[in-house]
Structures are given as C-alpha cells and as structure tokens.
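Colleague: Sending over a structure as structure tokens; questions will come in a sec.
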Amino acid sequence: MKMKNIIYVLAVAGTFCCTSCNDYLDEMPDNRAELDSESKIANLLVSAYPQDDYVLCAELSSDNIDDYGENNPYGGRFYEQLFNWEEVKESNNEDPSRIWAACYKAIAVANQVLNAIEDLGSPASLDPCRGEALLARAYGHFILVNMFSQHYTKENSDKDLGVTYMEKAETELNPSYKRNSVAEVYAKIEQDLETGLPLIDDALYTVPKYHFNKKAAYSLAARFYLYYQKWDKAIECATVALGSNPSTLLRDNALLSELPRDPLTKVSLQYVSASHKANFLLQTAYSQLGTLYGGYYTCSRFTHGAVIAKSETLQTDGPWGKYTSDKDKTKNTYYLMPWVYGGTNLDKVLLPRIPYLFEYTDAVAQTGYTRAVYAAFTAEETLLTRAEAYIMQKEYAKALADMNTWVANTVKNGKALTEESVMAWRNNYQYFTPDNPTPIKELHPDFAVETGEQEAFVQTILYMRRHETIHTGLRWFDVKRYGIEVTRRIIQSGAVATVTENVLKTRDNRCALQIPSDVVSAGYEPNPR
C-alpha cells in the first residue's frame, strides 16, 4: 500500500508510550495533512528536529560527574543507573527510550518531506527544503549512532552494531528492521551531508537559529568529519561555518560576566539567546537540564563538584596561566567564572550553559513542564573542532591561532599559548589516577597520537573542549573517541572517599547505551553486555 497522506509529527507536551519496534522507528500521530504545496512542506520541517535531548544521558555517563554519596538525598534510581552505565529501567523524560523515539520521529518527518518533494517533481524552488531535510536526517542518525553504538573506528566499525538508517518513509505494516554497522551509518550520514550541504539557503528561515542554517549545517559536518577521522574535511567544513574572522562570531563573555549570577538563570538565558552570533543551532526539549546545572538541589548527588573542578576542569591552572578565584574581578582568570552552589549536601561547580524554563499548562494550579534550550552547535565548539583537526595533521601554528582566538575570548588575564607553553603545561602533570586526579588522562584512540608535542597539543585541546562544552554532553563523545577510562568515585567531605571497582574501559560494551527494551522485545538486536 502506498501512503498518499503525509503524517505531521506535532511538537506536543507530555510523554508518550511506544509499544513496538515500528512505533519507535516511525512514530505516526493521527493528525494528517496532504503535503500538496511548498509552504506546507517548509512548515513541516519544524518537526524534523528531536524534541527530547541526549544531553543528560551523555553528561551523566561522562567523567564530568562524581557520586556524592547516599547521604545526599537528591539523586534517584534514574540518575544512578545512568551514572553507573547500567541499563535504564526507570521512566524519565530524558531516558534513552526518549532519545531513540525522538530521533526516529524527527527522521520520519524528514523522510516524509523528501517523499513529498519527489511527488511534486523535485522543483528547484524546494531545494533548500530538501537540503534541510537531508541535514535533519543525518543529524538524527548521528545522535543515535553515537549514543547507542560504539564510537567509529577504522578497525572495528564495519563489525560494530550501528542503528537502522531510515532512508524512506515506512509503508508496510509491522516491518522488520536490521541494524546497519557503524561504518554503514557513517557512510550514509556522509552521503546525506554531501547532497544536502550545497542546497542549504538561509533565506528559507524566519528564525534561522532553530533550523540547519548554513553555519549550523557546516558545523554539524565539521563535528561529523572530526569523529570520522577525516581531518581535512573537518577543517574545510569548519572554515565555511567560521568564515575568515572567527573572533567576530564568538559570544561576548565580557558582557555576560556583568549579568547577575544567582541562580545562574539570567546568564544562561543570555548564553542561549538567538541574538548571539555564536549560537549556530538552538534546540528545545522537555528537560531538567536547567535545574541539574543551575542553582537547584536537583541531582546534586551526581554532579560536577569541587573535587573535579579543582583537579581536572574549571578551577585548575591552564596553559594560559594560574587559576585565581580572587573576588577582585581584575584578577579573575575567566570572564565567566565558575559559579559554586554549595551547602549542606550540596557541591556544584557550574558554568552558564542551559537555563531553567517552565511551561505552564495551568497557571492557577502552577502545573506544567520543565523545559530547556541548549546550543547544539556553537562558534566556539566549531573553532576547537578545527583546532583539533589541525593538531591531528600536525599543523600546530594553525591550531595555535584557533586556540588563542578561544583563549582571548574566554580567559580574562591569560597569556597567549605557544608550543613551549603547551608542552610545559602538559609536562607539569602526571597522568590522572582516581585518587590523584589531574587534567591529563591516558588516551587510547584507534588513530595515532605521537608521544611528545602532538600528545601535549591533544591534551590541551581536550582540556579546552571540556571547559567549553561542560554540561552539554559532548565530553562523553570525547571520552569514547579517545578511549579514556572512567572510574566511578564517591566523594565525602570534599575529598575522594572511595574509589569503586566500577571502571569503564576502552571500548567497554557499556559505551553504547542499551537499545530500549520495547524495541528489543519487538525483535531488534540488542547491544552486547
């Protein structure tokens, strides 16, 4: 049976239940409309983006988080399962089943748009819509394969289980789905990117920051090619996104630093403002991210606290100079200083990344949904992506130029980086151990990183990326890309009290989230455990 009517996927509040593999891969609400005009096709693309985020699952899985012990009551089984890389059995708006369903739902919309364009004869006037649909389809699969599979490696990805790459709208009842390999998924993403990128036209959008505008599209491509180990392509795409003078695109951290910082919401709201040139793509989600990474008790048992901050991340000495938390603003290290939310059973060290928002469904009863807006692609992250690609090609002078552009915009009283200062900073630290933590972690990537200068530059760029992307989940992918081992610890009284035996090894099976149980029950192949 050929499907004549196209299904609109609505962005609605609340939760939904998925009962089969087909439901997860092709969510089809009942609201139907004939896509018989260009305007209807363009309007449908609003729904081609996931309405649930991967950020929480990724961040809690990473090494940015410690366990502050059972005496901290602000946790829960859901957060504990994610933190310990267990199969999530608790229901939550941000559990892995929501990521799965949201991505395949968005992919289904993209495929319906592509089918509708083809049915209309593929007119040139719809090329921008076709380009956006291809980018959205690539993005949905990019999230899925990086969350539910091992990371791409040249040695293993032709054998590693990926996800099903959906290239057409489903027209059968109860179809069976086979998992593509990770290598196959990456090849198909690349094909969609190569076809879609030249078609992107910013003139299509009234609010471009919520669509794959040109800068966002090429930033996605840059991140994809970095993960794909195609360094020259990563540089090429990042350069298109950044233009000839990247410093003009970076956010005004000096201005943000003047805003009130308690409880961080005002700064975070400005951080994700569509008016900032730095924000290439903004995404919304039903999410608690704003409370987890703001001045609230939520999930304070599993959080980024002082132990990590002072030994590995935001409050350590950087290659640009020593960290100081002096209250005299002229001596502060960063324009946006880490914000400490401490107290009895509380220890959070935060940067403004994601605001707490609330959508009221009943203003009188004060009920509704917790929402979040997060910057999926930014100028800063794209700049560091290009710097990393330069490092992999040993073009250190070009890498330093990008790194120093970031330093000048982020570090208030920092010194410009040189090859000598990068080496000196790296050599100042021993490798991290759980009870003697440092910013330098042993790396086990499947690609070559030479001891000495190249390793020093890689350690520095990972340190900078960790700072820039904290609370946004991207550190998890850096952990997977570089084969960084993660050991879970329990913190008490501001120190490491227990180093547990729970260690995530390089290419540990748990690096891939388990496929949702309903999907497995319907016959989909689960991830090995």
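Ordering of the structure tokens sets the chain letters (A, B, ...), residue numbers begin anew at 1 in every chain, and ligands are numbered from 1 in the order given.
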Might you pull out every residue within 6 Å of range 364-377 of chain A, with only C-alpha atoms counted and same-chain residues fewer than 2 positions away left off, and present them as a tab-separated table (two decimals) with N, CA, C and O atoms, in the first residue's frame?
Modeller:
chain	number	residue	atom	x	y	z
A	280	PHE	N	24.88	28.78	16.64
A	280	PHE	CA	24.55	28.41	15.28
A	280	PHE	C	23.23	27.65	15.19
A	280	PHE	O	22.45	27.84	14.27
A	281	LEU	N	22.99	26.73	16.15
A	281	LEU	CA	21.74	25.97	16.18
A	281	LEU	C	21.29	25.81	17.61
A	281	LEU	O	22.03	25.32	18.46
A	282	LEU	N	20.05	26.23	17.89
A	282	LEU	CA	19.45	26.08	19.21
A	282	LEU	C	18.39	24.99	19.15
A	282	LEU	O	17.66	24.88	18.16
A	283	GLN	N	18.30	24.21	20.21
A	283	GLN	CA	17.31	23.14	20.30
A	283	GLN	C	16.53	23.26	21.60
A	283	GLN	O	17.07	23.72	22.62
A	284	THR	N	15.28	22.84	21.57
A	284	THR	CA	14.45	22.84	22.77
A	284	THR	C	14.12	21.41	23.15
A	284	THR	O	14.13	20.50	22.32
A	285	ALA	N	13.80	21.21	24.44
A	285	ALA	CA	13.47	19.86	24.90
A	285	ALA	C	12.68	19.96	26.21
A	285	ALA	O	12.80	20.94	26.95
A	286	TYR	N	11.87	18.94	26.47
A	286	TYR	CA	11.29	18.77	27.79
A	286	TYR	C	12.39	18.18	28.65
A	286	TYR	O	12.79	17.03	28.48
A	287	SER	N	12.91	18.98	29.58
A	287	SER	CA	14.19	18.61	30.19
A	287	SER	C	14.36	19.26	31.55
A	287	SER	O	13.86	20.35	31.82
A	354	ILE	N	22.79	26.13	30.25
A	354	ILE	CA	21.41	25.77	29.93
A	354	ILE	C	20.49	26.36	30.99
A	354	ILE	O	20.63	26.05	32.17
A	357	LEU	N	13.71	26.63	32.50
A	357	LEU	CA	12.49	27.23	31.97
A	357	LEU	C	11.30	26.38	32.38
A	357	LEU	O	11.43	25.17	32.59
A	358	PHE	N	10.14	27.00	32.48
A	358	PHE	CA	8.94	26.26	32.87
A	358	PHE	C	7.79	26.68	31.97
A	358	PHE	O	7.52	27.87	31.79
A	359	GLU	N	7.13	25.69	31.40
A	359	GLU	CA	5.98	25.92	30.53
A	359	GLU	C	4.71	25.59	31.32
A	359	GLU	O	4.46	24.43	31.66
A	360	TYR	N	3.93	26.60	31.62
A	360	TYR	CA	2.72	26.38	32.40
A	360	TYR	C	1.60	25.87	31.51
A	360	TYR	O	1.30	26.44	30.47
A	361	THR	N	0.99	24.78	31.95
A	361	THR	CA	-0.24	24.31	31.30
A	361	THR	C	-1.46	24.76	32.08
A	361	THR	O	-2.56	24.80	31.55
A	362	ASP	N	-1.26	25.08	33.36
A	362	ASP	CA	-2.33	25.61	34.21
A	362	ASP	C	-1.68	26.63	35.15
A	362	ASP	O	-1.06	26.26	36.15
Colleague: What is the distance, in Å and to one decimal place, between CA of Asn509 in chain A and CA of Val88 in chain A?
Modeller: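 Pair CA of Asn509 in chain A / CA of Val88 in chain A returns 14.8 Å.
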Colleague: Excluding range 262-266 of chain A and any residue of its chain fewer than 6 positions from it, enumerate the residues within 7 Å of it, using only C-alpha atoms, and give them as a count of residues only.
Modeller: 5
Colleague: Within range 120-170 of chain A, find each residue whose DSSP state, derived from the backbone, is alpha helix (DSSP H), and express the selection as a PDB file with N, CA, C and O atoms, in the first residue's frame.
Modeller:
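What landed in result.pdb:
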ATOM      1  N   ASP A 127      14.639  23.032  -3.324  1.00  0.00           N
ATOM      2  CA  ASP A 127      15.983  22.555  -2.988  1.00  0.00           C
ATOM      3  C   ASP A 127      16.395  22.901  -1.560  1.00  0.00           C
ATOM      4  O   ASP A 127      16.983  22.060  -0.858  1.00  0.00           O
ATOM      5  N   PRO A 128      16.131  24.128  -1.065  1.00  0.00           N
ATOM      6  CA  PRO A 128      16.501  24.418   0.332  1.00  0.00           C
ATOM      7  C   PRO A 128      15.792  23.519   1.334  1.00  0.00           C
ATOM      8  O   PRO A 128      16.390  23.105   2.332  1.00  0.00           O
ATOM      9  N   CYS A 129      14.515  23.198   1.078  1.00  0.00           N
ATOM     10  CA  CYS A 129      13.788  22.278   1.968  1.00  0.00           C
ATOM     11  C   CYS A 129      14.385  20.878   1.895  1.00  0.00           C
ATOM     12  O   CYS A 129      14.516  20.195   2.920  1.00  0.00           O
ATOM     13  N   ARG A 130      14.742  20.455   0.701  1.00  0.00           N
ATOM     14  CA  ARG A 130      15.384  19.146   0.547  1.00  0.00           C
ATOM     15  C   ARG A 130      16.710  19.130   1.294  1.00  0.00           C
ATOM     16  O   ARG A 130      17.039  18.153   1.977  1.00  0.00           O
ATOM     17  N   GLY A 131      17.491  20.190   1.186  1.00  0.00           N
ATOM     18  CA  GLY A 131      18.756  20.257   1.894  1.00  0.00           C
ATOM     19  C   GLY A 131      18.571  20.166   3.393  1.00  0.00           C
ATOM     20  O   GLY A 131      19.287  19.423   4.077  1.00  0.00           O
ATOM     21  N   GLU A 132      17.602  20.910   3.945  1.00  0.00           N
ATOM     22  CA  GLU A 132      17.364  20.868   5.389  1.00  0.00           C
ATOM     23  C   GLU A 132      16.901  19.485   5.821  1.00  0.00           C
ATOM     24  O   GLU A 132      17.327  18.976   6.873  1.00  0.00           O
ATOM     25  N   ALA A 133      16.035  18.858   5.037  1.00  0.00           N
ATOM     26  CA  ALA A 133      15.551  17.523   5.385  1.00  0.00           C
ATOM     27  C   ALA A 133      16.703  16.517   5.419  1.00  0.00           C
ATOM     28  O   ALA A 133      16.774  15.659   6.309  1.00  0.00           O
ATOM     29  N   LEU A 134      17.617  16.607   4.470  1.00  0.00           N
ATOM     30  CA  LEU A 134      18.771  15.703   4.450  1.00  0.00           C
ATOM     31  C   LEU A 134      19.681  15.946   5.643  1.00  0.00           C
ATOM     32  O   LEU A 134      20.204  14.996   6.252  1.00  0.00           O
ATOM     33  N   LEU A 135      19.891  17.215   5.997  1.00  0.00           N
ATOM     34  CA  LEU A 135      20.717  17.532   7.172  1.00  0.00           C
ATOM     35  C   LEU A 135      20.048  17.037   8.451  1.00  0.00           C
ATOM     36  O   LEU A 135      20.712  16.492   9.344  1.00  0.00           O
ATOM     37  N   ALA A 136      18.722  17.220   8.537  1.00  0.00           N
ATOM     38  CA  ALA A 136      17.999  16.759   9.721  1.00  0.00           C
ATOM     39  C   ALA A 136      18.051  15.238   9.831  1.00  0.00           C
ATOM     40  O   ALA A 136      18.206  14.693  10.934  1.00  0.00           O
ATOM     41  N   ARG A 137      17.926  14.551   8.703  1.00  0.00           N
ATOM     42  CA  ARG A 137      18.011  13.082   8.728  1.00  0.00           C
ATOM     43  C   ARG A 137      19.411  12.641   9.154  1.00  0.00           C
ATOM     44  O   ARG A 137      19.560  11.707   9.961  1.00  0.00           O
ATOM     45  N   ALA A 138      20.426  13.288   8.637  1.00  0.00           N
ATOM     46  CA  ALA A 138      21.796  12.954   9.023  1.00  0.00           C
ATOM     47  C   ALA A 138      22.014  13.202  10.516  1.00  0.00           C
ATOM     48  O   ALA A 138      22.632  12.387  11.216  1.00  0.00           O
ATOM     49  N   TYR A 139      21.492  14.316  11.026  1.00  0.00           N
ATOM     50  CA  TYR A 139      21.681  14.679  12.433  1.00  0.00           C
ATOM     51  C   TYR A 139      21.005  13.675  13.360  1.00  0.00           C
ATOM     52  O   TYR A 139      21.596  13.243  14.365  1.00  0.00           O
ATOM     53  N   GLY A 140      19.781  13.274  13.034  1.00  0.00           N
ATOM     54  CA  GLY A 140      19.082  12.296  13.864  1.00  0.00           C
ATOM     55  C   GLY A 140      19.849  10.991  13.962  1.00  0.00           C
ATOM     56  O   GLY A 140      20.013  10.418  15.055  1.00  0.00           O
ATOM     57  N   HIS A 141      20.361  10.513  12.833  1.00  0.00           N
ATOM     58  CA  HIS A 141      21.142   9.279  12.839  1.00  0.00           C
ATOM     59  C   HIS A 141      22.497   9.468  13.528  1.00  0.00           C
ATOM     60  O   HIS A 141      23.025   8.535  14.149  1.00  0.00           O
ATOM     61  N   PHE A 142      23.069  10.666  13.423  1.00  0.00           N
ATOM     62  CA  PHE A 142      24.351  10.958  14.069  1.00  0.00           C
ATOM     63  C   PHE A 142      24.205  10.862  15.585  1.00  0.00           C
ATOM     64  O   PHE A 142      25.075  10.294  16.272  1.00  0.00           O
ATOM     65  N   ILE A 143      23.121  11.387  16.130  1.00  0.00           N
ATOM     66  CA  ILE A 143      22.873  11.262  17.564  1.00  0.00           C
ATOM     67  C   ILE A 143      22.684   9.794  17.940  1.00  0.00           C
ATOM     68  O   ILE A 143      23.295   9.287  18.891  1.00  0.00           O
ATOM     69  N   LEU A 144      21.861   9.096  17.183  1.00  0.00           N
ATOM     70  CA  LEU A 144      21.548   7.704  17.504  1.00  0.00           C
ATOM     71  C   LEU A 144      22.787   6.820  17.495  1.00  0.00           C
ATOM     72  O   LEU A 144      23.019   6.035  18.420  1.00  0.00           O
ATOM     73  N   VAL A 145      23.600   6.922  16.445  1.00  0.00           N
ATOM     74  CA  VAL A 145      24.750   6.023  16.334  1.00  0.00           C
ATOM     75  C   VAL A 145      25.805   6.332  17.378  1.00  0.00           C
ATOM     76  O   VAL A 145      26.504   5.419  17.857  1.00  0.00           O
ATOM     77  N   ASN A 146      25.914   7.582  17.806  1.00  0.00           N
ATOM     78  CA  ASN A 146      26.907   7.930  18.818  1.00  0.00           C
ATOM     79  C   ASN A 146      26.440   7.659  20.237  1.00  0.00           C
ATOM     80  O   ASN A 146      27.263   7.555  21.150  1.00  0.00           O
ATOM     81  N   MET A 147      25.128   7.529  20.436  1.00  0.00           N
ATOM     82  CA  MET A 147      24.598   7.189  21.754  1.00  0.00           C
ATOM     83  C   MET A 147      24.411   5.686  21.929  1.00  0.00           C
ATOM     84  O   MET A 147      24.670   5.142  22.999  1.00  0.00           O
ATOM     85  N   PHE A 148      23.950   4.996  20.898  1.00  0.00           N
ATOM     86  CA  PHE A 148      23.564   3.592  21.038  1.00  0.00           C
ATOM     87  C   PHE A 148      24.567   2.625  20.407  1.00  0.00           C
ATOM     88  O   PHE A 148      24.261   1.431  20.277  1.00  0.00           O
TER      89      PHE A 148
END
Colleague: List the neighbours of Ile99 in chain A out to 7 Å using only C-alpha atoms; skip same-chain residues closer than 6 positions along the sequence, and give me the result as JSON, numbers by chain.
Modeller: {"A": [52, 53, 54]}
Colleague: Output the selection as a compact mmCIF listing (two decimals), in the first residue's frame - N, CA, C and O atoms for each residue.
Modeller:
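Full text of out.txt as output:
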# COMPACT_ATOMS: atom_id res chain seq x y z
N ASP A 52 13.32 15.67 22.28
CA ASP A 52 13.91 15.22 23.54
C ASP A 52 15.42 15.22 23.37
O ASP A 52 15.92 14.92 22.28
N ASP A 53 16.15 15.52 24.43
CA ASP A 53 17.60 15.73 24.30
C ASP A 53 18.39 14.50 24.70
O ASP A 53 17.93 13.66 25.48
N TYR A 54 19.59 14.40 24.14
CA TYR A 54 20.55 13.36 24.51
C TYR A 54 21.51 13.86 25.58
O TYR A 54 22.32 13.09 26.13
Colleague: Just want the 9 Å neighbourhood of range 459-474 of chain A, counted on only C-alpha atoms, with same-chain residues fewer than 5 positions away dropped. Output as a VMD selection string.
Modeller: chain A and resid 54 to 62 64 289 292 to 293 304 312 to 314 318 to 319 350 to 354 374 to 376 380 to 381 384 to 385 387 to 388 391 403 406 to 407 422 425 to 426 439 to 441 443 454 479
Colleague: To one decimal place, how far is CA of Gly162 in chain A from CA of Pro96 in chain A in Å?
Modeller: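 Calculated distance between CA of Gly162 in chain A and CA of Pro96 in chain A is 15.4 Å.
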Colleague: Leaving out Tyr524 in chain A and any residue of its chain fewer than 2 positions from it, which residues lie within 8 Å of it when counting only C-alpha atoms, given as a list of chain:residue names?
Modeller: A:Cys21, A:Tyr177, A:Lys178, A:Arg179, A:Val519, A:Val520, A:Ser521, A:Ala522, A:Pro526
Colleague: Determine which residues of range 267-331 of chain A DSSP labels as strand (DSSP E) from the backbone of this structure, then write them out as an mmCIF file with N, CA and C atoms, in the first residue's frame.
Modeller:
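File written: part_4.cif
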data_model
loop_
_atom_site.group_PDB
_atom_site.id
_atom_site.type_symbol
_atom_site.label_atom_id
_atom_site.label_comp_id
_atom_site.auth_asym_id
_atom_site.auth_seq_id
_atom_site.Cartn_x
_atom_site.Cartn_y
_atom_site.Cartn_z
ATOM 1 N N ASN A 279 25.729 31.257 18.599
ATOM 2 C CA ASN A 279 24.797 30.137 18.636
ATOM 3 C C ASN A 279 24.321 29.818 17.228
ATOM 4 N N PHE A 280 24.878 28.779 16.644
ATOM 5 C CA PHE A 280 24.546 28.413 15.275
ATOM 6 C C PHE A 280 23.230 27.647 15.191
ATOM 7 N N LEU A 281 22.991 26.728 16.150
ATOM 8 C CA LEU A 281 21.740 25.972 16.176
ATOM 9 C C LEU A 281 21.285 25.814 17.611
ATOM 10 N N LEU A 282 20.055 26.235 17.895
ATOM 11 C CA LEU A 282 19.449 26.077 19.208
ATOM 12 C C LEU A 282 18.385 24.993 19.146
ATOM 13 N N GLN A 283 18.298 24.207 20.210
ATOM 14 C CA GLN A 283 17.309 23.140 20.296
ATOM 15 C C GLN A 283 16.534 23.263 21.598
ATOM 16 N N THR A 284 15.279 22.836 21.574
ATOM 17 C CA THR A 284 14.452 22.841 22.775
ATOM 18 C C THR A 284 14.116 21.406 23.148
ATOM 19 N N ALA A 285 13.802 21.208 24.440
ATOM 20 C CA ALA A 285 13.469 19.860 24.900
ATOM 21 C C ALA A 285 12.684 19.962 26.205
ATOM 22 N N TYR A 286 11.872 18.942 26.468
ATOM 23 C CA TYR A 286 11.291 18.770 27.791
ATOM 24 C C TYR A 286 12.390 18.182 28.655
ATOM 25 N N PHE A 302 24.765 13.345 42.010
ATOM 26 C CA PHE A 302 25.594 13.017 40.845
ATOM 27 C C PHE A 302 25.844 14.305 40.074
ATOM 28 N N THR A 303 26.996 14.906 40.317
ATOM 29 C CA THR A 303 27.188 16.254 39.783
ATOM 30 C C THR A 303 28.663 16.561 39.552
#
Colleague: Please identify every residue of range 412-512 of chain A that has at least one atom no farther than 12 Å from an atom of range 212-224 of chain A, counting only C-alpha atoms, and for each give the shortest atom pair and the distance in Å to one decimal, arranged by chain then increasing number, as a tab-separated table.
Modeller:
residue	atom	partner	partner_atom	distance
A:Leu474	CA	A:Arg223	CA	10.6
A:Phe477	CA	A:Arg223	CA	10.7
A:Asp478	CA	A:Arg223	CA	11.2
A:Arg481	CA	A:Phe224	CA	12.0
Colleague: For Ser97 in chain A, which residue out of A:Gln514, A:Asn527, A:Asn345, A:Ser275 is the nearest one, using only C-alpha atoms?
Modeller: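 Checking each candidate against Ser97 in chain A, we get A:Gln514 as the closest.
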